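Next up, my_file.cif (mmCIF, C-alpha atoms):
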```
data_input
loop_
_atom_site.label_atom_id
_atom_site.label_comp_id
_atom_site.auth_asym_id
_atom_site.auth_seq_id
_atom_site.Cartn_x
_atom_site.Cartn_y
_atom_site.Cartn_z
CA MET E 1 -92.93 9.99 -10.21
CA LEU E 2 -91.71 7.45 -12.79
CA GLU E 3 -88.82 9.79 -13.68
CA SER E 4 -87.70 10.13 -10.05
CA VAL E 5 -84.22 9.00 -8.95
CA PRO E 6 -85.43 6.08 -6.73
CA VAL E 7 -87.64 4.65 -9.51
CA SER E 8 -84.79 5.05 -12.05
CA LEU E 9 -82.42 3.29 -9.65
CA VAL E 10 -84.81 0.36 -9.12
CA VAL E 11 -85.51 0.05 -12.86
CA GLY E 12 -81.77 0.24 -13.61
CA THR E 13 -80.99 -2.47 -11.04
CA ILE E 14 -83.65 -4.86 -12.34
CA LEU E 15 -82.61 -4.33 -15.96
CA GLY E 16 -78.90 -4.54 -15.04
CA PHE E 17 -79.60 -7.88 -13.36
CA LEU E 18 -81.48 -9.13 -16.43
CA SER E 19 -78.63 -7.97 -18.70
CA GLY E 20 -76.18 -9.81 -16.47
CA ILE E 21 -78.02 -13.11 -16.89
CA GLY E 22 -78.43 -12.61 -20.65
CA VAL E 23 -82.08 -11.54 -20.76
CA GLY E 24 -81.90 -8.30 -22.80
CA GLY E 25 -82.09 -5.52 -20.23
CA GLY E 26 -80.88 -2.90 -22.69
CA SER E 27 -83.76 -3.43 -25.10
CA LEU E 28 -86.22 -3.06 -22.21
CA LEU E 29 -84.58 0.17 -21.06
CA ILE E 30 -85.04 1.85 -24.44
CA LEU E 31 -88.72 0.79 -24.36
CA TRP E 32 -89.06 2.16 -20.80
CA LEU E 33 -87.46 5.47 -21.72
CA THR E 34 -89.27 6.08 -25.01
CA LEU E 35 -92.67 4.39 -24.58
CA VAL E 36 -93.29 4.82 -20.84
CA LEU E 37 -91.40 8.02 -20.02
CA HIS E 38 -91.92 9.44 -23.56
CA MET E 39 -88.30 10.59 -23.78
CA PRO E 40 -87.10 11.71 -27.25
CA PRO E 41 -85.18 8.86 -28.96
CA SER E 42 -82.07 11.06 -29.33
CA ALA E 43 -81.89 11.49 -25.53
CA ALA E 44 -82.86 7.89 -24.76
CA ARG E 45 -80.05 6.53 -26.96
CA GLY E 46 -77.35 8.19 -24.81
CA ILE E 47 -78.80 6.83 -21.57
CA ASN E 48 -79.26 3.36 -23.07
CA LEU E 49 -75.68 3.25 -24.38
CA ALA E 50 -74.26 4.43 -21.05
CA PHE E 51 -76.50 2.02 -19.12
CA PHE E 52 -74.95 -1.01 -20.73
CA LEU E 53 -71.36 -0.11 -19.79
CA PRO E 54 -71.21 -0.92 -16.03
CA ALA E 55 -73.07 -4.24 -16.36
CA ALA E 56 -71.00 -5.26 -19.41
CA LEU E 57 -67.76 -4.26 -17.69
CA VAL E 58 -68.60 -6.25 -14.55
CA SER E 59 -69.77 -9.23 -16.60
CA SER E 60 -66.62 -9.11 -18.80
CA LEU E 61 -64.36 -9.00 -15.74
CA PHE E 62 -66.16 -12.02 -14.23
CA ARG E 63 -65.77 -13.95 -17.50
CA TRP E 64 -62.15 -12.83 -17.85
CA LYS E 65 -61.41 -14.20 -14.37
CA GLN E 66 -63.17 -17.46 -15.27
CA ARG E 67 -61.06 -17.61 -18.48
CA LYS E 68 -64.22 -17.77 -20.61
CA LEU E 69 -63.34 -14.91 -22.96
CA ARG E 70 -61.95 -15.84 -26.36
CA LEU E 71 -60.06 -12.71 -27.37
CA SER E 72 -59.47 -14.01 -30.91
CA VAL E 73 -63.25 -13.65 -31.38
CA VAL E 74 -63.85 -10.55 -29.24
CA ILE E 75 -61.13 -8.23 -30.60
CA PRO E 76 -61.82 -8.43 -34.39
CA GLY E 77 -65.58 -8.00 -33.84
CA ALA E 78 -65.04 -5.16 -31.38
CA VAL E 79 -62.74 -3.29 -33.81
CA SER E 80 -65.06 -3.67 -36.81
CA GLY E 81 -68.03 -2.87 -34.58
CA CYS E 82 -66.44 0.34 -33.31
CA VAL E 83 -65.79 1.58 -36.84
CA ALA E 84 -69.38 0.78 -37.86
CA ALA E 85 -70.77 2.29 -34.63
CA ALA E 86 -68.98 5.61 -35.16
CA PHE E 87 -70.20 5.93 -38.76
CA PHE E 88 -73.77 4.78 -38.12
CA THR E 89 -74.09 7.01 -35.03
CA TRP E 90 -73.26 9.97 -37.25
CA LEU E 91 -75.77 8.69 -39.82
CA GLY E 92 -78.44 7.84 -37.22
CA LEU E 93 -78.43 11.37 -35.80
CA ARG E 94 -79.19 12.69 -39.31
CA VAL E 95 -81.86 10.24 -40.49
CA ASP E 96 -85.54 11.06 -39.96
CA VAL E 97 -86.71 9.78 -36.55
CA ASP E 98 -89.83 8.12 -38.03
CA ILE E 99 -87.71 6.01 -40.40
CA LEU E 100 -85.47 4.94 -37.50
CA LYS E 101 -88.55 4.08 -35.42
CA LYS E 102 -89.89 1.81 -38.18
CA GLY E 103 -86.52 0.08 -38.55
CA PHE E 104 -86.15 -0.43 -34.81
CA GLY E 105 -89.76 -1.65 -34.58
CA ALA E 106 -89.07 -4.30 -37.23
CA LEU E 107 -85.93 -5.40 -35.36
CA LEU E 108 -87.95 -5.62 -32.13
CA LEU E 109 -90.61 -7.79 -33.79
CA VAL E 110 -88.01 -10.26 -35.09
CA THR E 111 -86.23 -10.33 -31.73
CA GLY E 112 -89.52 -10.69 -29.84
CA VAL E 113 -90.50 -13.76 -31.85
CA ARG E 114 -87.01 -15.23 -31.32
CA GLU E 115 -87.29 -14.67 -27.56
CA LEU E 116 -90.75 -16.25 -27.45
CA PHE E 117 -89.31 -19.44 -28.91
CA TYR E 118 -86.12 -19.31 -26.83
CA ARG E 119 -84.76 -22.76 -26.01
CA THR E 120 -82.67 -23.35 -22.89
CA LYS E 121 -80.29 -25.54 -24.92
CA ARG E 122 -78.74 -22.29 -26.26
CA MET A 1 -64.10 -17.66 -37.17
CA LEU A 2 -62.27 -14.36 -37.83
CA LEU A 3 -64.54 -13.34 -40.72
CA GLY A 4 -67.62 -14.30 -38.73
CA SER A 5 -66.50 -12.15 -35.82
CA ILE A 6 -65.75 -9.16 -38.09
CA LEU A 7 -69.10 -9.39 -39.92
CA ALA A 8 -71.08 -9.82 -36.71
CA GLY A 9 -69.22 -6.84 -35.20
CA LEU A 10 -70.01 -4.69 -38.23
CA ALA A 11 -73.72 -5.52 -38.02
CA ALA A 12 -73.84 -4.93 -34.25
CA GLY A 13 -72.00 -1.61 -34.68
CA ALA A 14 -74.40 -0.51 -37.41
CA VAL A 15 -77.50 -1.34 -35.34
CA THR A 16 -76.08 0.20 -32.15
CA GLY A 17 -75.04 3.32 -34.05
CA LEU A 18 -78.36 3.78 -35.82
CA PHE A 19 -80.73 3.04 -32.94
CA GLY A 20 -78.61 3.47 -29.81
CA ALA A 21 -79.73 -0.03 -28.83
CA GLY A 22 -80.17 -3.51 -30.21
CA GLY A 23 -76.54 -4.48 -30.90
CA GLY A 24 -76.89 -7.58 -28.76
CA MET A 25 -80.12 -8.49 -30.56
CA VAL A 26 -78.19 -9.04 -33.79
CA LEU A 27 -74.81 -10.01 -32.35
CA VAL A 28 -75.80 -13.21 -30.54
CA PRO A 29 -77.74 -14.76 -33.48
CA LEU A 30 -75.07 -13.69 -35.98
CA LEU A 31 -72.17 -15.09 -33.95
CA THR A 32 -74.17 -18.32 -33.68
CA LEU A 33 -75.11 -18.39 -37.38
CA LEU A 34 -71.56 -17.61 -38.56
CA LYS A 35 -70.10 -20.08 -36.05
CA ALA A 36 -67.71 -17.40 -34.81
CA ALA A 37 -67.29 -19.06 -31.40
CA PRO A 38 -68.23 -22.26 -29.59
CA GLU A 39 -71.88 -22.10 -28.53
CA GLU A 40 -71.20 -21.77 -24.80
CA GLU A 41 -68.86 -18.82 -25.42
CA ILE A 42 -71.23 -16.82 -27.65
CA PHE A 43 -72.94 -14.86 -24.87
CA PRO A 44 -69.80 -13.84 -22.93
CA CYS A 45 -68.07 -12.93 -26.20
CA SER A 46 -71.05 -10.86 -27.34
CA VAL A 47 -71.15 -8.86 -24.08
CA SER A 48 -67.44 -8.09 -24.31
CA MET A 49 -67.73 -7.13 -28.00
CA ILE A 50 -70.69 -4.84 -27.35
CA LEU A 51 -68.86 -3.00 -24.56
CA PRO A 52 -66.36 -1.08 -26.79
CA ILE A 53 -69.03 -0.70 -29.50
CA CYS A 54 -71.30 1.09 -27.00
CA VAL A 55 -68.36 3.23 -25.82
CA CYS A 56 -67.64 4.33 -29.42
CA SER A 57 -71.29 5.08 -30.13
CA LEU A 58 -71.63 6.94 -26.82
CA ILE A 59 -68.55 9.08 -27.55
CA ALA A 60 -69.90 9.85 -31.03
CA THR A 61 -73.35 10.68 -29.58
CA ALA A 62 -71.81 12.99 -26.95
CA ALA A 63 -69.67 14.69 -29.62
CA LEU A 64 -72.44 15.13 -32.18
CA HIS A 65 -75.49 15.57 -29.93
CA THR A 66 -75.99 15.51 -26.15
CA VAL A 67 -76.18 12.82 -23.50
CA PRO A 68 -78.45 13.63 -20.50
CA TRP A 69 -75.91 12.48 -17.90
CA GLY A 70 -78.02 13.63 -14.94
CA ALA A 71 -80.93 11.41 -15.94
CA ALA A 72 -78.54 8.59 -16.88
CA LEU A 73 -76.73 8.43 -13.52
CA PRO A 74 -79.32 6.45 -11.49
CA TYR A 75 -79.64 3.94 -14.34
CA LEU A 76 -75.84 3.59 -14.45
CA MET A 77 -75.70 2.94 -10.70
CA GLY A 78 -78.52 0.42 -11.01
CA SER A 79 -76.78 -1.24 -13.94
CA ALA A 80 -73.58 -1.74 -11.90
CA LEU A 81 -75.55 -3.06 -8.90
CA GLY A 82 -77.69 -5.35 -11.06
CA GLY A 83 -74.59 -6.65 -12.87
CA LEU A 84 -72.93 -7.49 -9.54
CA LEU A 85 -76.08 -9.23 -8.26
CA ALA A 86 -76.32 -11.23 -11.50
CA GLY A 87 -72.67 -12.26 -11.19
CA LYS A 88 -73.29 -13.53 -7.65
CA TRP A 89 -76.77 -15.05 -7.88
CA GLY A 90 -77.71 -15.14 -11.53
CA LYS A 91 -76.13 -18.47 -12.42
CA ASN A 92 -78.90 -20.80 -11.35
CA ILE A 93 -81.94 -18.79 -12.37
CA PRO A 94 -84.08 -20.66 -14.94
CA VAL A 95 -84.22 -18.09 -17.73
CA LYS A 96 -86.64 -19.82 -20.10
CA TRP A 97 -89.75 -18.02 -18.80
CA LEU A 98 -87.88 -14.75 -18.44
CA HIS A 99 -87.12 -14.97 -22.17
CA ARG A 100 -90.81 -15.64 -22.90
CA GLY A 101 -91.82 -12.57 -20.88
CA LEU A 102 -89.12 -10.51 -22.56
CA GLY A 103 -90.42 -11.67 -25.95
CA ILE A 104 -93.93 -10.42 -25.15
CA LEU A 105 -92.63 -7.03 -23.95
CA ILE A 106 -90.39 -6.64 -27.00
CA LEU A 107 -93.23 -7.55 -29.37
CA TRP A 108 -95.40 -4.92 -27.66
CA GLY A 109 -92.57 -2.41 -28.13
CA GLY A 110 -92.18 -3.38 -31.79
CA VAL A 111 -95.88 -2.90 -32.48
CA ARG A 112 -95.85 0.48 -30.67
CA TYR A 113 -92.85 1.63 -32.71
CA LEU A 114 -94.41 0.52 -36.01
CA CYS A 115 -97.93 1.89 -35.41
#
```

Just give me the structure of the file as structure tokens.
Amino acid sequence: MLESVPVSLVVGTILGFLSGIGVGGGSLLILWLTLVLHMPPSAARGINLAFFLPAALVSSLFRWKQRKLRLSVVIPGAVSGCVAAAFFTWLGLRVDVDILKKGFGALLLVTGVRELFYRTKR
Amino acid sequence: MLLGSILAGLAAGAVTGLFGAGGGMVLVPLLTLLKAAPEEEIFPCSVSMILPICVCSLIATAALHTVPWGAALPYLMGSALGGLLAGKWGKNIPVKWLHRGLGILILWGGVRYLC
């Protein structure tokens, strides 16, 4: 039932909307896939990475039209990030899943506390 | 500004590559901390930086492992629809309490991952 196409579509739309307004939809999707649907992390990572692309593309096009994208910031970070992403993807698919889970759990705890004390001024 | 952007990109790429998620979790605070962009431009810059980082990680994942495209498709369609809705109507939504709720869910996820 929870893995059905209509439920996936509704969940994707809600989380895509949240991503679009800057309220971490991607982090919620990985929790949904791994902790609710009990999907293996190696499968969930592909879906989560793909999920972010349409919303990020639409959002980037909107910002590009509004002239709110500073390419002098975006391009260097994107290039260095791509190099790191390729290497660490290779590494991540070889590291023990339990170690990755602990690392991601720690990152979630730090992010969760930060979100709890979110200030609208940001 | 340049160094800040490069360092933040490296960290976001490392986290995205390792976990398949979480690049934005480190990118926004790092860009802010390293003063890589004016405050109001941090979020749009981070989304546009994460986009190619996710593409690279996705290509590497597909090459080295598998991506369940069939299961991913409805989420992709929802993501596009949600992104469009956010572009149209998301501007004036007060996000403070959404962030609080997100914080609680993420903390729950963190505890579940650690225990």

What does the PyMOL selection byres ((chain A and resi 13) around 12) select in this file, as JSON, numbers by chain? {"E": [49, 77, 78, 79, 80, 81, 82, 83, 84, 85, 86, 87, 88, 89, 90, 92], "A": [5, 6, 7, 8, 9, 10, 11, 12, 14, 15, 16, 17, 18, 19, 20, 21, 22, 23, 24, 25, 26, 27, 46, 49, 50, 51, 52, 53, 54, 55, 56, 57, 58]}

With the file shown as input, list the residues that the PyMOL selection byres ((chain A and resi 106) around 12) selects, as a VMD selection string. (chain E and resid 23 to 32 35 104 to 116) or (chain A and resid 22 25 99 to 105 107 to 113)

Which residues match the PyMOL selection byres ((chain A and resi 94) around 12) in the file above, as a PyMOL selection string? (chain E and resi 18+21-23+119-121) or (chain A and resi 89-93+95-100)

Dump as a PDB file, in the coordinates of the input, selection limited to C-alpha atoms:
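So selection.pdb came out as:
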```
ATOM      1  CA  LEU E  18     -81.480  -9.130 -16.430  1.00  0.00           C
ATOM      2  CA  ILE E  21     -78.020 -13.110 -16.890  1.00  0.00           C
ATOM      3  CA  GLY E  22     -78.430 -12.610 -20.650  1.00  0.00           C
ATOM      4  CA  VAL E  23     -82.080 -11.540 -20.760  1.00  0.00           C
ATOM      5  CA  ARG E 119     -84.760 -22.760 -26.010  1.00  0.00           C
ATOM      6  CA  THR E 120     -82.670 -23.350 -22.890  1.00  0.00           C
ATOM      7  CA  LYS E 121     -80.290 -25.540 -24.920  1.00  0.00           C
TER       8      LYS E 121
ATOM      9  CA  TRP A  89     -76.770 -15.050  -7.880  1.00  0.00           C
ATOM     10  CA  GLY A  90     -77.710 -15.140 -11.530  1.00  0.00           C
ATOM     11  CA  LYS A  91     -76.130 -18.470 -12.420  1.00  0.00           C
ATOM     12  CA  ASN A  92     -78.900 -20.800 -11.350  1.00  0.00           C
ATOM     13  CA  ILE A  93     -81.940 -18.790 -12.370  1.00  0.00           C
ATOM     14  CA  VAL A  95     -84.220 -18.090 -17.730  1.00  0.00           C
ATOM     15  CA  LYS A  96     -86.640 -19.820 -20.100  1.00  0.00           C
ATOM     16  CA  TRP A  97     -89.750 -18.020 -18.800  1.00  0.00           C
ATOM     17  CA  LEU A  98     -87.880 -14.750 -18.440  1.00  0.00           C
ATOM     18  CA  HIS A  99     -87.120 -14.970 -22.170  1.00  0.00           C
ATOM     19  CA  ARG A 100     -90.810 -15.640 -22.900  1.00  0.00           C
TER      20      ARG A 100
END
```

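Distances here use all atoms listed in the file; by that measure, the residue among E:Leu93, E:Leu9, E:Leu100, E:Leu61 closest to Ser79 of chain A is E:Leu9.
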
Smallest atom-to-atom distance to chain A: which of E:Leu33, E:Leu2, E:Met39, E:Leu91, using all atoms listed in the file? E:Leu91
